[in-house]
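Trainee: Got a structure here, written out as structure tokens. Questions coming.
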Amino acid sequence: MQQDFFKYQAQTTPHPLAMEVSHAKGSYIYDKNGKAYLDFVAGVSANSLGHCHPKVVNAIKAQLDKYLHVMVYGEYNQEPAVELSKLLAKHLPKPLETTYLVNSGTEAIEGSIKLARRYTGRSEIIAAKYAYHGNTMGSLSLSDYYERKRPFLPLIPDIKNISFNSESCIEQITEKTAAVILETIQGGAGFIEPTNGYLKKVQQRCNAVGAVFILDEIQPGVGRTGKLFGFENYDCQPDIVVTGKGLGGGLPIGAFTASKEMMSYLSDNPKLGHITTFGGNPVIAAAALATLKEVTESSLMLEALEKEQLIRKLLKHNQIVEIRGRGLMLSIILKNPEIVNHVILRAQQEGLILFWLLFEPKAIRITPPLNISKDEIIKGCNILTSILDEQR
């Protein structure tokens, strides 16, 4: 299978990790040789409840016996999608009450860009430097990482990039701006949190000039920061909130939520202003509904903050420069990229899954399942620190 993987499946890098997966359960992934790997990455923040959580699996199985795909999104009334959208509205501040369900986070970003341009009649979109909102053409256009964009030019026009956390850049948001789109916590840049009320000030500026304020919650959302949505930590509220990754419980999903009045702009002039065949798929929506219920009805969000403090307590080492992020969205900043590469690859040999961040080569991702146990955290941190000891 290893040879077939490299021959028949498209690769994203020249040297993928290529673990042959047998099965996964809870906080562990098992390879074909039966070796267990403690998962400190959760599918890159996607498996909020770990692997094969029984409530998610049971919801999937129950829906399988009823129906799978029956009609393109938005035409038929399908209970899992309706209940998921309703539960999102319950936990979002008004007027964020209408959700468009799609198949991935990047598709949700695309939909939010279209909605903002349609709603305002403007074209300019402002995003942050070192932003990552996905890899489709529209989402990629928001990035200022020229080396990644160059092979695919031209991308969509009228994109401007400002510095995250720079108050002086806020003045670049004007009456020409359709939308400002920011990650609530910058992910690929190294898990950079907003400071000094930055997001609130951006929101106020958007309100003053009539621009749409979009927050990308694809990574911070669904309880990872100790709140259901990351923006709840920063005294601000978007006009459109984008979710994905952890919402699906291990299945592919994306969503963007706005007011009923704003979202109506995608349904007319033109009709079918945004369409998707498989968005709101009943099996995926059932999995997402079970995930969202478990996160909101349990103590997992409170525990995320307790587990953050445990990780910070355990990971004190002379090779660690700082720990960024909030809750169970953490990045460990080391002294140089070479140590990062060594630690991640050695950790896999030792049965611990760690991973890189996109734009910050000195960072190690720590985004385990929300329901990881404290004993598992201790085990993983001990492996990590023992590998760092080798660098002395």
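Ordered as shown in the structure tokens, chains take letters A, B, and onward, while each chain numbers its residues from 1 and ligands are numbered from 1 in the order shown.
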From the DSSP assignment of the backbone, select every residue of stretch 168-323 of chain A that is strand (DSSP E), and format the answer as a ChimeraX atom specification.
Mentor: /A:177-183,212-216,240-244,254-258,320-323
Trainee: Based on the backbone DSSP call, show me all residues of stretch 134-244 of chain A assigned alpha helix (DSSP H), as JSON, numbers by chain.
Mentor: {"A": [137, 138, 139, 140, 141, 146, 147, 148, 149, 198, 199, 200, 201, 202, 203, 204, 205, 206, 207, 208, 209]}
Trainee: Restricting the output to N, CA and C atoms, write the selected residues as an mmCIF file, in the first residue's frame.
Mentor:
```
data_model
loop_
_atom_site.group_PDB
_atom_site.id
_atom_site.type_symbol
_atom_site.label_atom_id
_atom_site.label_comp_id
_atom_site.auth_asym_id
_atom_site.auth_seq_id
_atom_site.Cartn_x
_atom_site.Cartn_y
_atom_site.Cartn_z
ATOM 1 N N MET A 137 -9.118 29.216 -5.124
ATOM 2 C CA MET A 137 -8.608 30.439 -5.747
ATOM 3 C C MET A 137 -9.011 31.705 -4.989
ATOM 4 N N GLY A 138 -10.257 31.770 -4.542
ATOM 5 C CA GLY A 138 -10.673 32.949 -3.794
ATOM 6 C C GLY A 138 -10.000 33.036 -2.439
ATOM 7 N N SER A 139 -9.954 31.922 -1.719
ATOM 8 C CA SER A 139 -9.317 31.913 -0.408
ATOM 9 C C SER A 139 -7.825 32.196 -0.521
ATOM 10 N N LEU A 140 -7.183 31.626 -1.521
ATOM 11 C CA LEU A 140 -5.763 31.869 -1.736
ATOM 12 C C LEU A 140 -5.498 33.336 -2.060
ATOM 13 N N SER A 141 -6.438 33.973 -2.733
ATOM 14 C CA SER A 141 -6.289 35.388 -3.081
ATOM 15 C C SER A 141 -6.151 36.271 -1.846
ATOM 16 N N TYR A 146 3.383 35.511 -1.353
ATOM 17 C CA TYR A 146 3.542 35.555 -2.808
ATOM 18 C C TYR A 146 4.093 34.247 -3.359
ATOM 19 N N GLU A 147 5.006 33.607 -2.622
ATOM 20 C CA GLU A 147 5.602 32.370 -3.127
ATOM 21 C C GLU A 147 4.558 31.289 -3.345
ATOM 22 N N ARG A 148 3.520 31.278 -2.522
ATOM 23 C CA ARG A 148 2.448 30.289 -2.681
ATOM 24 C C ARG A 148 1.458 30.699 -3.766
ATOM 25 N N LYS A 149 1.291 32.011 -3.963
ATOM 26 C CA LYS A 149 0.311 32.515 -4.922
ATOM 27 C C LYS A 149 0.840 32.569 -6.356
ATOM 28 N N TYR A 198 -8.102 44.759 19.489
ATOM 29 C CA TYR A 198 -7.931 44.946 18.050
ATOM 30 C C TYR A 198 -9.181 44.573 17.261
ATOM 31 N N LEU A 199 -9.747 43.392 17.531
ATOM 32 C CA LEU A 199 -10.910 42.956 16.748
ATOM 33 C C LEU A 199 -12.106 43.868 16.968
ATOM 34 N N LYS A 200 -12.278 44.351 18.178
ATOM 35 C CA LYS A 200 -13.365 45.285 18.468
ATOM 36 C C LYS A 200 -13.188 46.577 17.673
ATOM 37 N N LYS A 201 -11.955 47.053 17.572
ATOM 38 C CA LYS A 201 -11.685 48.282 16.827
ATOM 39 C C LYS A 201 -11.911 48.085 15.331
ATOM 40 N N VAL A 202 -11.560 46.909 14.821
ATOM 41 C CA VAL A 202 -11.849 46.614 13.414
ATOM 42 C C VAL A 202 -13.352 46.574 13.188
ATOM 43 N N GLN A 203 -14.080 45.937 14.099
ATOM 44 C CA GLN A 203 -15.535 45.885 13.985
ATOM 45 C C GLN A 203 -16.132 47.293 13.957
ATOM 46 N N GLN A 204 -15.669 48.143 14.834
ATOM 47 C CA GLN A 204 -16.200 49.510 14.895
ATOM 48 C C GLN A 204 -15.902 50.270 13.608
ATOM 49 N N ARG A 205 -14.721 50.070 13.062
ATOM 50 C CA ARG A 205 -14.377 50.736 11.807
ATOM 51 C C ARG A 205 -15.252 50.222 10.665
ATOM 52 N N CYS A 206 -15.465 48.906 10.628
ATOM 53 C CA CYS A 206 -16.347 48.342 9.601
ATOM 54 C C CYS A 206 -17.756 48.920 9.718
ATOM 55 N N ASN A 207 -18.254 49.021 10.912
ATOM 56 C CA ASN A 207 -19.586 49.598 11.122
ATOM 57 C C ASN A 207 -19.642 51.047 10.628
ATOM 58 N N ALA A 208 -18.563 51.786 10.863
ATOM 59 C CA ALA A 208 -18.553 53.204 10.501
ATOM 60 C C ALA A 208 -18.560 53.418 8.992
ATOM 61 N N VAL A 209 -17.919 52.527 8.236
ATOM 62 C CA VAL A 209 -17.809 52.722 6.782
ATOM 63 C C VAL A 209 -18.734 51.804 5.992
#
```
Trainee: Skipping near chain neighbours, those fewer than 2 positions away, what residues fall within 9 Å of A:Ser27 using only C-alpha atoms, listed as a ChimeraX atom specification?
Mentor: /A:24-25,29,37-40,42,49-51,368-369,371-373,376
Trainee: So the first atom is atom CA of A:Glu261 and the second is atom CA of A:Arg224; what is the distance between them in Å, to one decimal place?
Mentor: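 Atom CA of A:Arg224 lies 29.4 Å from atom CA of A:Glu261.
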Trainee: Which residue gives the smallest distance to A:Val343 among A:Glu306, A:Glu183, A:Asp239, A:Asp389, with only C-alpha atoms counted?
Mentor: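 Using only C-alpha atoms, the shortest distance to A:Val343 belongs to A:Asp389.
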Trainee: Write out as a PyMOL selection string which residues come within 12 Å of A:Asp144 when counting only C-alpha atoms, dropping same-chain ones fewer than 2 positions away.
Mentor: chain A and resi 126-133+139-142+146-150+155+159-163+189+359
Trainee: Mind giving me the straight-line distance from atom CA of A:Ala18 to atom CA of A:Glu107 in Å, one decimal?
Mentor: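 Separating atom CA of A:Ala18 from atom CA of A:Glu107 is a distance of 26.7 Å.
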Trainee: Which polymer residues have any atom within 10 Å of an atom of A:Lys66, counting only C-alpha atoms, with same-chain residues fewer than 3 positions away left out, as an NGL selection string?
Mentor: :A and (61-63 or 282-283)
Trainee: Could you dump the residues just selected with C-alpha atoms as a compact mmCIF listing (two decimals), in the first residue's frame?
Mentor:
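again11.txt was written with the following content:
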```
# COMPACT_ATOMS: atom_id res chain seq x y z
CA LYS A 61 -25.19 5.13 11.76
CA ALA A 62 -28.72 6.27 12.59
CA GLN A 63 -28.78 8.62 9.61
CA PRO A 282 -27.52 14.63 6.06
CA VAL A 283 -24.86 12.21 7.31
```
Trainee: A:His15, A:Gly249, A:Asn33, A:Gly280: which is nearest A:Asn77, counting only C-alpha atoms?
Mentor: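 Using only C-alpha atoms, the shortest distance to A:Asn77 belongs to A:Gly280.
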Trainee: Taking only C-alpha atoms into account, which of A:Leu101, A:Leu354, A:Val212, A:Leu328 comes nearest A:Leu88?
Mentor: A:Leu101
Trainee: Per residue of stretch 72-176 of chain A within 8 Å of stretch 285-289 of chain A, note the shortest atom pair and the distance in Å to one decimal, counting only C-alpha atoms, and order the rows by chain and increasing residue number, as CSV.
Mentor:
```
residue,atom,partner,partner_atom,distance
A:Pro80,CA,A:Ala286,CA,5.1
A:Ala81,CA,A:Ala285,CA,5.3
A:Glu83,CA,A:Leu289,CA,7.2
A:Leu84,CA,A:Leu289,CA,5.1
A:Leu87,CA,A:Leu289,CA,7.9
```
